[in-house]
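Data block for upload_21.txt (compact mmCIF, C-alpha atoms):
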```
# COMPACT_ATOMS: atom_id res chain seq x y z
CA MET P 313 0.00 0.00 0.00
CA LYS P 314 1.18 3.51 -0.84
CA VAL P 315 0.07 6.89 0.50
CA GLY P 316 -0.08 9.64 -2.11
CA ILE P 317 -1.71 12.96 -2.89
CA SER P 318 -3.92 14.57 -5.52
CA THR P 319 -2.66 17.51 -7.56
CA ALA P 320 -6.14 18.94 -6.89
CA CYS P 321 -4.86 19.93 -3.44
CA LEU P 322 -3.03 22.86 -5.07
CA TYR P 323 -5.80 23.97 -7.47
CA PRO P 324 -5.91 26.49 -9.13
CA MET P 325 -2.17 26.05 -9.63
CA GLU P 326 -1.64 24.58 -13.10
CA THR P 327 -1.37 20.80 -13.06
CA LYS P 328 2.26 20.52 -14.16
CA LEU P 329 3.31 23.13 -11.57
CA ALA P 330 1.27 21.43 -8.86
CA LEU P 331 2.94 18.13 -9.66
CA GLN P 332 6.41 19.72 -9.61
CA THR P 333 5.69 21.41 -6.27
CA LEU P 334 4.47 18.19 -4.65
CA LEU P 335 7.40 16.22 -6.04
CA GLU P 336 9.82 18.75 -4.59
CA LYS P 337 8.10 18.39 -1.22
CA GLY P 338 8.79 14.66 -1.30
CA PHE P 339 5.51 13.08 -2.46
CA ARG P 340 6.00 10.16 -4.81
CA HIS P 341 2.53 8.79 -5.55
CA PHE P 342 -0.30 10.75 -7.15
CA GLU P 343 -3.74 11.28 -8.49
CA ILE P 344 -3.49 13.68 -11.42
CA PHE P 345 -6.50 15.97 -11.67
CA PHE P 346 -6.68 17.33 -15.21
CA ASN P 347 -8.22 20.78 -15.51
CA THR P 348 -8.46 21.49 -19.23
CA TYR P 349 -8.32 19.89 -22.66
CA ARG P 350 -4.68 20.64 -23.44
CA GLU P 351 -3.60 18.74 -20.34
CA ILE P 352 -4.80 15.40 -21.72
CA GLN P 353 -2.89 15.82 -24.98
CA PRO P 354 0.10 13.49 -25.47
CA ASP P 355 2.73 16.25 -25.32
CA TYR P 356 1.48 17.61 -22.00
CA VAL P 357 1.00 14.15 -20.53
CA GLY P 358 4.48 13.27 -21.75
CA TYR P 359 5.89 16.24 -19.83
CA LEU P 360 4.15 15.03 -16.67
CA LYS P 361 5.54 11.54 -17.22
CA THR P 362 9.06 12.94 -17.61
CA LEU P 363 8.70 14.80 -14.31
CA LEU P 364 7.47 11.68 -12.57
CA ASP P 365 10.29 9.59 -13.94
CA GLN P 366 12.90 12.13 -12.82
CA TYR P 367 11.74 11.64 -9.22
CA GLY P 368 10.99 7.94 -9.41
CA ALA P 369 7.31 8.72 -8.78
CA SER P 370 4.11 6.98 -9.86
CA VAL P 371 0.46 7.76 -10.64
CA LYS P 372 -2.42 5.71 -9.26
CA SER P 373 -5.35 7.53 -10.84
CA ILE P 374 -6.47 10.39 -13.02
CA HIS P 375 -9.53 12.62 -12.68
CA PRO P 376 -11.31 14.11 -15.73
CA PHE P 377 -12.01 17.85 -15.94
CA THR P 378 -15.41 17.03 -17.50
CA SER P 379 -16.80 15.35 -14.37
CA GLY P 380 -19.63 17.85 -14.09
CA PHE P 381 -20.90 17.02 -17.58
CA GLU P 382 -20.82 13.24 -17.47
CA GLY P 383 -24.60 12.92 -17.18
CA MET P 384 -25.02 14.58 -20.57
CA LEU P 385 -21.90 13.15 -22.20
CA LEU P 386 -22.24 9.54 -21.10
CA PHE P 387 -25.64 8.79 -19.57
CA SER P 388 -28.34 10.55 -21.60
CA ASN P 389 -30.95 9.08 -23.93
CA TYR P 390 -29.16 10.60 -26.93
CA GLU P 391 -27.23 7.60 -28.21
CA THR P 392 -24.96 9.33 -30.72
CA ARG P 393 -23.86 11.82 -28.05
CA THR P 394 -23.19 8.93 -25.69
CA GLN P 395 -21.05 7.28 -28.36
CA ASP P 396 -19.13 10.51 -28.92
CA GLY P 397 -18.78 11.05 -25.17
CA MET P 398 -17.31 7.60 -24.71
CA GLY P 399 -14.96 8.27 -27.58
CA PHE P 400 -13.86 11.47 -25.88
CA TYR P 401 -13.26 9.62 -22.61
CA ARG P 402 -10.89 7.28 -24.37
CA GLN P 403 -8.54 10.28 -24.44
CA TYR P 404 -8.50 10.13 -20.64
CA PHE P 405 -7.91 6.39 -20.76
CA ARG P 406 -4.94 6.87 -23.07
CA ALA P 407 -3.56 9.65 -20.87
CA ALA P 408 -3.85 7.34 -17.87
CA ASN P 409 -2.14 4.59 -19.80
CA GLN P 410 0.66 6.97 -20.81
CA LEU P 411 1.20 7.88 -17.15
CA GLY P 412 0.99 4.29 -15.94
CA ALA P 413 -2.19 5.05 -13.95
CA GLU P 414 -4.56 2.19 -13.19
CA LEU P 415 -7.75 4.15 -12.49
CA VAL P 416 -9.96 6.81 -14.09
CA VAL P 417 -12.37 8.44 -11.61
CA LEU P 418 -15.98 9.06 -12.62
CA HIS P 419 -18.57 11.33 -10.97
CA GLY P 420 -21.36 10.13 -13.23
CA GLN P 421 -24.89 11.56 -13.36
CA ARG P 422 -26.18 14.39 -11.23
CA LEU P 423 -29.31 14.18 -9.16
CA HIS P 424 -32.35 15.81 -10.81
CA SER P 425 -30.56 15.72 -14.16
CA CYS P 426 -32.36 16.40 -17.42
CA CYS P 427 -30.89 13.06 -18.49
CA HIS P 428 -32.74 9.88 -17.59
CA GLY P 429 -32.11 8.84 -14.03
CA ASN P 430 -33.32 5.26 -13.63
CA GLN P 431 -30.74 2.88 -12.27
CA MET P 432 -30.41 0.53 -15.24
CA GLY P 433 -30.20 3.58 -17.50
CA TYR P 434 -27.04 4.37 -15.57
CA PHE P 435 -25.61 0.91 -15.00
CA VAL P 436 -25.69 -0.21 -18.65
CA PRO P 437 -23.63 2.70 -20.08
CA PHE P 438 -21.34 2.52 -17.05
CA SER P 439 -20.55 -1.08 -17.94
CA ARG P 440 -19.89 -0.03 -21.54
CA LEU P 441 -17.43 2.57 -20.31
CA VAL P 442 -15.74 0.04 -18.05
CA ARG P 443 -15.23 -2.28 -21.01
CA LEU P 444 -13.77 0.55 -23.10
CA GLY P 445 -11.38 1.38 -20.27
CA LYS P 446 -10.18 -2.21 -20.19
CA LEU P 447 -9.24 -1.93 -23.87
CA ASP P 448 -6.81 0.82 -22.87
CA GLY P 449 -5.57 -0.95 -19.76
CA VAL P 450 -7.41 1.13 -17.14
CA THR P 451 -10.29 0.66 -14.71
CA VAL P 452 -13.18 3.14 -14.59
CA VAL P 453 -14.16 3.75 -10.96
CA GLN P 454 -17.25 5.39 -9.46
CA GLU P 455 -16.69 8.03 -6.79
CA ASN P 456 -19.35 8.88 -4.24
CA VAL P 457 -20.09 12.56 -4.94
CA ASN P 458 -22.46 15.02 -3.28
CA GLY P 459 -25.23 16.08 -5.66
CA PHE P 460 -24.82 13.01 -7.87
CA LEU P 461 -26.64 9.67 -7.91
CA SER P 462 -23.63 8.18 -6.17
CA GLN P 463 -24.18 10.26 -3.02
CA ASN P 464 -26.76 7.69 -1.90
CA PRO P 465 -25.46 4.53 -0.15
CA GLU P 466 -28.49 2.56 -1.35
CA PHE P 467 -27.71 3.48 -4.96
CA VAL P 468 -24.06 2.50 -4.44
CA GLN P 469 -25.01 -0.83 -2.89
CA THR P 470 -27.43 -1.60 -5.73
CA MET P 471 -24.75 -0.68 -8.26
CA ARG P 472 -22.35 -3.11 -6.60
CA GLN P 473 -24.93 -5.89 -6.59
CA GLU P 474 -26.03 -5.35 -10.20
CA LEU P 475 -22.63 -4.86 -11.82
CA GLY P 476 -20.41 -7.15 -9.79
CA GLU P 477 -16.86 -7.08 -11.12
CA ASP P 478 -17.76 -4.30 -13.58
CA CYS P 479 -18.13 -2.02 -10.59
CA SER P 480 -15.34 -0.43 -8.51
CA PHE P 481 -15.49 2.54 -6.16
CA VAL P 482 -13.57 5.55 -4.95
CA PHE P 483 -14.50 6.29 -1.35
CA ASP P 484 -14.30 10.03 -0.57
CA ILE P 485 -14.98 10.99 3.06
CA LYS P 486 -15.73 14.67 2.47
CA GLN P 487 -18.24 13.90 -0.28
CA ALA P 488 -20.19 11.64 2.07
CA VAL P 489 -20.18 14.34 4.76
CA ARG P 490 -21.35 16.99 2.28
CA ALA P 491 -24.23 14.73 1.29
CA GLY P 492 -25.24 14.28 4.92
CA VAL P 493 -24.23 10.61 4.86
CA ASP P 494 -22.32 8.77 7.56
CA PRO P 495 -18.92 7.99 5.94
CA TYR P 496 -18.83 4.59 7.61
CA GLU P 497 -22.22 3.77 6.07
CA MET P 498 -20.98 4.77 2.59
CA CYS P 499 -17.87 2.69 3.10
CA ARG P 500 -20.03 -0.28 4.09
CA ALA P 501 -22.26 0.15 1.01
CA MET P 502 -19.20 -0.11 -1.26
CA GLY P 503 -18.20 -3.38 0.38
CA ASP P 504 -15.24 -5.18 -1.12
CA ARG P 505 -15.30 -3.09 -4.33
CA ILE P 506 -13.35 -0.10 -2.94
CA VAL P 507 -10.14 0.26 -4.97
CA HIS P 508 -9.25 3.87 -4.16
CA ILE P 509 -9.63 6.36 -1.31
CA HIS P 510 -9.69 10.15 -1.17
CA LEU P 511 -8.68 10.76 2.44
CA ASN P 512 -9.61 13.92 4.36
CA ASP P 513 -11.15 14.95 7.65
CA ASN P 514 -14.08 17.00 8.97
CA ASP P 515 -15.68 18.35 12.11
CA ASP P 516 -19.06 19.75 13.15
CA HIS P 517 -18.49 22.97 11.20
CA ARG P 518 -16.18 22.06 8.29
CA ASP P 519 -16.60 19.25 5.78
CA CYS P 520 -13.04 19.13 4.43
CA LEU P 521 -9.91 19.26 6.57
CA VAL P 522 -6.41 17.81 6.53
CA PRO P 523 -6.43 14.36 8.17
CA TRP P 524 -6.07 14.52 11.97
CA GLN P 525 -7.33 18.13 12.07
CA GLY P 526 -10.96 17.04 12.54
CA THR P 527 -12.94 14.33 14.26
CA MET P 528 -12.60 11.27 11.99
CA ASP P 529 -11.73 8.05 13.78
CA TYR P 530 -9.15 6.65 11.39
CA ALA P 531 -8.45 3.56 13.46
CA ARG P 532 -12.14 2.66 13.17
CA LEU P 533 -12.25 3.58 9.48
CA PHE P 534 -9.22 1.56 8.46
CA GLY P 535 -10.31 -1.34 10.62
CA GLN P 536 -13.59 -1.38 8.70
CA LEU P 537 -11.83 -1.02 5.35
CA PHE P 538 -9.48 -3.90 6.02
CA ASP P 539 -12.36 -6.06 7.28
CA GLN P 540 -14.03 -5.38 3.92
CA GLY P 541 -10.91 -6.56 2.09
CA PHE P 542 -9.37 -3.22 1.16
CA SER P 543 -5.70 -3.41 0.17
CA GLN P 544 -5.20 -0.52 -2.25
CA ASP P 545 -3.47 2.87 -2.14
CA ILE P 546 -4.62 5.99 -0.31
CA ILE P 547 -4.65 9.49 -1.78
CA LEU P 548 -4.81 12.68 0.28
CA GLU P 549 -7.37 15.06 -1.22
CA VAL P 550 -8.17 18.36 0.42
CA TYR P 551 -8.59 21.80 -1.09
CA ARG P 552 -6.18 24.70 -1.09
CA THR P 553 -8.31 26.64 1.37
CA ASN P 554 -8.09 23.76 3.87
CA PHE P 555 -4.43 24.10 4.81
CA GLU P 556 -1.77 26.72 5.45
CA SER P 557 1.35 24.90 4.30
CA LEU P 558 2.51 21.79 2.46
CA GLU P 559 4.06 20.61 5.70
CA GLU P 560 0.56 19.89 7.04
CA LEU P 561 -0.05 17.54 4.12
CA TRP P 562 3.31 15.86 4.57
CA GLN P 563 2.68 15.31 8.28
CA ALA P 564 -0.73 13.80 7.47
CA LYS P 565 0.92 11.40 5.03
CA GLU P 566 3.41 10.31 7.70
CA LYS P 567 0.63 9.72 10.24
CA ILE P 568 -1.30 7.58 7.76
CA GLU P 569 1.81 5.48 7.16
CA VAL P 570 2.28 4.97 10.89
CA LEU P 571 -1.35 3.87 11.23
CA LEU P 572 -1.01 1.44 8.34
CA LYS P 573 2.10 -0.06 9.92
CA ASP P 574 0.17 -0.45 13.18
CA PHE P 575 -2.35 -2.52 11.21
CA GLY P 576 0.51 -4.58 9.78
CA LYS P 577 0.04 -3.20 6.26
CA MET P 578 3.00 -2.50 4.02
CA VAL P 579 3.51 1.08 2.78
```

What do you get writing this file as structure tokens?
Amino acid sequence: MKVGISTACLYPMETKLALQTLLEKGFRHFEIFFNTYREIQPDYVGYLKTLLDQYGASVKSIHPFTSGFEGMLLFSNYETRTQDGMGFYRQYFRAANQLGAELVVLHGQRLHSCCHGNQMGYFVPFSRLVRLGKLDGVTVVQENVNGFLSQNPEFVQTMRQELGEDCSFVFDIKQAVRAGVDPYEMCRAMGDRIVHIHLNDNDDHRDCLVPWQGTMDYARLFGQLFDQGFSQDIILEVYRTNFESLEELWQAKEKIEVLLKDFGKMV
């Protein structure tokens, strides 16, 4: 198991500068959050890969900049647009493949979308996208996101039951809190299909904090995760307004590694 960080932590710093800054701080494992079209082009991705190689670093996952439009691009009733949207997403898959990333994170369809919202209307195109990802050597993963269908643990559990091995999840603590959902309940709904974690903290007044600056019980959380069979990497994801210095993020990483060692997990 590795502990890494998302370049989104430094947004709105440009992605290549965010990566350079985090590399210089000492981080060696990443989620790359793309923020615009040029960043998924081969030349730009190649520059990121060169940076990573210079530091002996790796990428676990990538995050599309079109997350907010996935309902229209991928899950509407307009079949030709869905086909085009899936073709567009293959550019993300190829960028992930170029970086050596295993995962592409999906937000999916918003609640109250103009696009159709029945469950099978979501699950069928999701499976199509998963199969396309496999052609390019990556796994498409569903994140629980506030304001999207995936904010609901019952929806997530049904998705897991219906799709089986075509279904994998990113568990994001802050997104559960923002949706008014108990994070432990969301974790439980994902079961043994969690392959990625966005780690953060919260308290009674703030929904996104650096780990160990809020009230999350990480010993309980990781105990539950390991009981559910989790054995993947962990990515720190907070926002730039949630911390004063990079040192806070580095200290959080070190504390996570200590906790994992206490559980007898390799880092």

Legend entry - Residues near Phe538 in chain P, cut-off 12 Å, all atoms listed in the file, skip fewer than 6 positions along chain, as a PyMOL selection string: chain P and resi 313+499-500+503-507+530-532+544+572+575-577

Residues from last step as file, C-alpha atoms, as a PDB file, keeping the file's coordinate frame:
```
ATOM      1  CA  MET P 313       0.000   0.000   0.000  1.00  0.00           C
ATOM      2  CA  CYS P 499     -17.870   2.690   3.100  1.00  0.00           C
ATOM      3  CA  ARG P 500     -20.030  -0.280   4.090  1.00  0.00           C
ATOM      4  CA  GLY P 503     -18.200  -3.380   0.380  1.00  0.00           C
ATOM      5  CA  ASP P 504     -15.240  -5.180  -1.120  1.00  0.00           C
ATOM      6  CA  ARG P 505     -15.300  -3.090  -4.330  1.00  0.00           C
ATOM      7  CA  ILE P 506     -13.350  -0.100  -2.940  1.00  0.00           C
ATOM      8  CA  VAL P 507     -10.140   0.260  -4.970  1.00  0.00           C
ATOM      9  CA  TYR P 530      -9.150   6.650  11.390  1.00  0.00           C
ATOM     10  CA  ALA P 531      -8.450   3.560  13.460  1.00  0.00           C
ATOM     11  CA  ARG P 532     -12.140   2.660  13.170  1.00  0.00           C
ATOM     12  CA  GLN P 544      -5.200  -0.520  -2.250  1.00  0.00           C
ATOM     13  CA  LEU P 572      -1.010   1.440   8.340  1.00  0.00           C
ATOM     14  CA  PHE P 575      -2.350  -2.520  11.210  1.00  0.00           C
ATOM     15  CA  GLY P 576       0.510  -4.580   9.780  1.00  0.00           C
ATOM     16  CA  LYS P 577       0.040  -3.200   6.260  1.00  0.00           C
TER      17      LYS P 577
END
```

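Closest approach to Gly420 in chain P from the set P:Leu360, P:Cys321, P:Val442, P:Leu461 is made by P:Leu461, with distances taken over all atoms listed in the file.
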
Inset, instruction - Could you check which of P:Ile568, P:Leu548, P:Leu335, P:Leu385 is closest to Ser370 in chain P, using only C-alpha atoms? - result: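 Among the listed residues, P:Leu335 lies closest to Ser370 in chain P.
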
Closest atom pairs, residues of range 420-478 of chain P within 12 Å of range 401-412 of chain P, only C-alpha atoms, as a tab-separated table:
```
residue	atom	partner	partner_atom	distance
P:Arg440	CA	P:Tyr401	CA	11.8
P:Leu441	CA	P:Tyr401	CA	8.5
P:Val442	CA	P:Phe405	CA	10.4
P:Arg443	CA	P:Arg402	CA	11.0
P:Leu444	CA	P:Arg402	CA	7.4
P:Gly445	CA	P:Phe405	CA	6.1
P:Lys446	CA	P:Phe405	CA	8.9
P:Leu447	CA	P:Phe405	CA	9.0
P:Asp448	CA	P:Phe405	CA	6.1
P:Gly449	CA	P:Asn409	CA	6.5
P:Val450	CA	P:Phe405	CA	6.4
P:Thr451	CA	P:Phe405	CA	8.7
P:Val452	CA	P:Phe405	CA	8.7
P:Val453	CA	P:Phe405	CA	11.9
```

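One distance worth recording is that between CA of His508 in chain P and CA of Phe346 in chain P, which is 17.6 Å.
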